[in-house]
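Accompanying notes for the structure given below.
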Amino acid sequence: MKKETYVKMTQPFRDDPKRARALHRANKILTVVIFVAYPCLLLWLLWQKDMRLYKAICVPLDGFIIVTVVRAWINRKRPYEIFELPSVIPKDTKGHSWPSRHVFSAAVIAFTFWFVCPAAGIVFLLMTVAIAWIRVVSGVHFISDVVAGFFFSAFFFFFFLKKKRESSVIQLPQMKARNHRLHWRL
């Protein structure tokens with residue numbers, strides 16, 4: 001991205017405090033909704049004694065750890081650092097731009113919802129797209145950061161989903177699987 005593109009993209013929000021506040025508020029609301037919904041999903045899976053709970057925890061967690069390590073290792077500068085212009089969303093983090101962990105996390109949670117309830121997954125994927133757009137137009141990420149975050153999440157989810165087969169999910173002697181449910185023997 002060139003500086004002119006960055007300025008053209010962020011200028012309408014930097015020039016208008018109302019737009020900037022709305023963008024900041026939308027970023028917070030979408031992020032909170034997704035990140036509050038995820039533990040609710042996990043609790044529901046636990047309540048239902050659903051065997052997909054293991055994958056719903058391990059796949060996003062594995063990906064989150066790997067993405068965090070990759071971000072630290074690559075340590076790409078953020079647009080506001082490179083172009084020396086303020087971001088629309090207040091941010092003072094240095095580096096750690098690629099891939100976007102906000103987009104990765106939102107997308108992997110959306111894929112987790114899709115794995116359990118496709119309709120909810122689609123809603124959360126649309127919210128992820130909105131978060132990605134906000135992160136770019138607010139000047140805290142490059143387009144390549146949010147695209148990489150999305151593709152990392154898709155890769156981790158679908159690759160590890162296939163790797164972690166149902167037979168290896170939970171094999172504790174006191175549990176028996178039946179139709180995605182765990183039946184506890186006392």
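Ordering of the structure tokens sets the chain letters (A, B, ...); residue numbers start at 1 within each chain; ligands are numbered from 1 in the order shown.
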#### Entry: Who sits within 9 Å of region 58-75 of chain A, only C-alpha atoms, same chain under 2 positions skipped, as a list in words
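Here the qualifying residues turn out to be Leu53, Tyr54, Lys55, Ala56, Lys77, Lys94, Gly95, His96, Ser97, Trp98, Pro99, Ser100, Arg101, Phe104, Ser105, Val108, Ile109, Thr112, Gly149, Phe152, Ser153, Phe156, Phe157, Phe160, Leu161 and Lys164 of chain A.
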### Query
Could you write out, as JSON, numbers by chain, all the residues of chain A that DSSP marks as helix (DSSP H, G or I)?
{"A": [3, 4, 5, 6, 7, 8, 9, 10, 11, 12, 13, 14, 15, 17, 18, 19, 20, 21, 22, 23, 24, 25, 26, 27, 28, 29, 30, 31, 32, 33, 34, 35, 36, 37, 38, 39, 40, 41, 42, 43, 44, 45, 46, 47, 52, 53, 54, 55, 56, 57, 58, 59, 60, 61, 62, 63, 64, 65, 66, 67, 68, 69, 70, 71, 72, 73, 74, 79, 80, 81, 82, 101, 102, 103, 104, 105, 106, 107, 108, 109, 110, 111, 112, 113, 114, 115, 116, 118, 119, 120, 121, 122, 123, 124, 125, 126, 127, 128, 129, 130, 131, 132, 133, 134, 135, 136, 137, 143, 144, 145, 146, 147, 148, 149, 150, 151, 152, 153, 154, 155, 156, 157, 158, 159, 160, 161, 162, 163, 166, 167, 168]}
### Message
Need the shell around Ile89 (chain A): protein/DNA/RNA residues with any atom at most 9 Å away, counting only C-alpha atoms. Skip same-chain ones fewer than 5 positions apart. Format as number ranges by chain?
### Response
A: 20-21, 23-24, 27, 135, 138-140
### Message
Taking only C-alpha atoms into account, name the residue in A:Leu85, A:Val7, A:Val137, A:Val146 that is nearest to Val103 (chain A).
### Response
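Of A:Leu85, A:Val7, A:Val137, A:Val146, the one nearest Val103 (chain A) is A:Val146, counting only C-alpha atoms.
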### Distance query Ile143 (chain A) at most 9 Å, only C-alpha atoms, self and fewer than 3 positions along chain excluded, as a PyMOL selection string
chain A and resi 1+132-133+135-136+146-148
Output N, CA, C and O atoms for every residue in that selection, as an mmCIF file, in the first residue's frame.
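Output (part_0.cif):
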```cif
data_model
loop_
_atom_site.group_PDB
_atom_site.id
_atom_site.type_symbol
_atom_site.label_atom_id
_atom_site.label_comp_id
_atom_site.auth_asym_id
_atom_site.auth_seq_id
_atom_site.Cartn_x
_atom_site.Cartn_y
_atom_site.Cartn_z
ATOM 1 N N MET A 1 0.850 -1.172 0.000
ATOM 2 C CA MET A 1 0.000 0.000 0.000
ATOM 3 C C MET A 1 0.898 1.238 0.000
ATOM 4 O O MET A 1 1.878 1.299 0.721
ATOM 5 N N ALA A 132 -12.507 -6.868 9.581
ATOM 6 C CA ALA A 132 -11.357 -6.734 8.678
ATOM 7 C C ALA A 132 -11.386 -5.377 7.984
ATOM 8 O O ALA A 132 -10.359 -4.682 7.903
ATOM 9 N N TRP A 133 -12.555 -4.977 7.489
ATOM 10 C CA TRP A 133 -12.687 -3.682 6.817
ATOM 11 C C TRP A 133 -12.349 -2.548 7.783
ATOM 12 O O TRP A 133 -11.612 -1.622 7.440
ATOM 13 N N ARG A 135 -10.482 -2.627 10.469
ATOM 14 C CA ARG A 135 -9.056 -2.626 10.818
ATOM 15 C C ARG A 135 -8.219 -1.964 9.712
ATOM 16 O O ARG A 135 -7.218 -1.321 9.995
ATOM 17 N N VAL A 136 -8.644 -2.122 8.469
ATOM 18 C CA VAL A 136 -7.905 -1.513 7.353
ATOM 19 C C VAL A 136 -8.211 -0.023 7.244
ATOM 20 O O VAL A 136 -7.295 0.798 7.206
ATOM 21 N N VAL A 146 -5.041 -8.416 7.128
ATOM 22 C CA VAL A 146 -6.355 -8.988 7.437
ATOM 23 C C VAL A 146 -6.655 -10.194 6.543
ATOM 24 O O VAL A 146 -7.263 -11.168 6.996
ATOM 25 N N VAL A 147 -6.194 -10.160 5.292
ATOM 26 C CA VAL A 147 -6.382 -11.306 4.401
ATOM 27 C C VAL A 147 -5.596 -12.498 4.946
ATOM 28 O O VAL A 147 -6.109 -13.624 5.002
ATOM 29 N N ALA A 148 -4.370 -12.250 5.377
ATOM 30 C CA ALA A 148 -3.558 -13.333 5.953
ATOM 31 C C ALA A 148 -4.207 -13.874 7.221
ATOM 32 O O ALA A 148 -4.235 -15.093 7.442
#
```
### Message
Using only C-alpha atoms for the distances, tell me which of A:Phe113, A:Ala154, A:Pro79, A:Arg25 is nearest to Lys2 (chain A).
### Response
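Under the stated criterion, the closest residue is A:Pro79.
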### Selected residue of minimal separation from Val33 (chain A) among A:Gln11, A:Ser87, A:Thr5, A:Thr128, counting only C-alpha atoms
A:Thr128
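Interatomic distance, CA of Ala106 (chain A) to CA of Phe159 (chain A): 17.5 Å.
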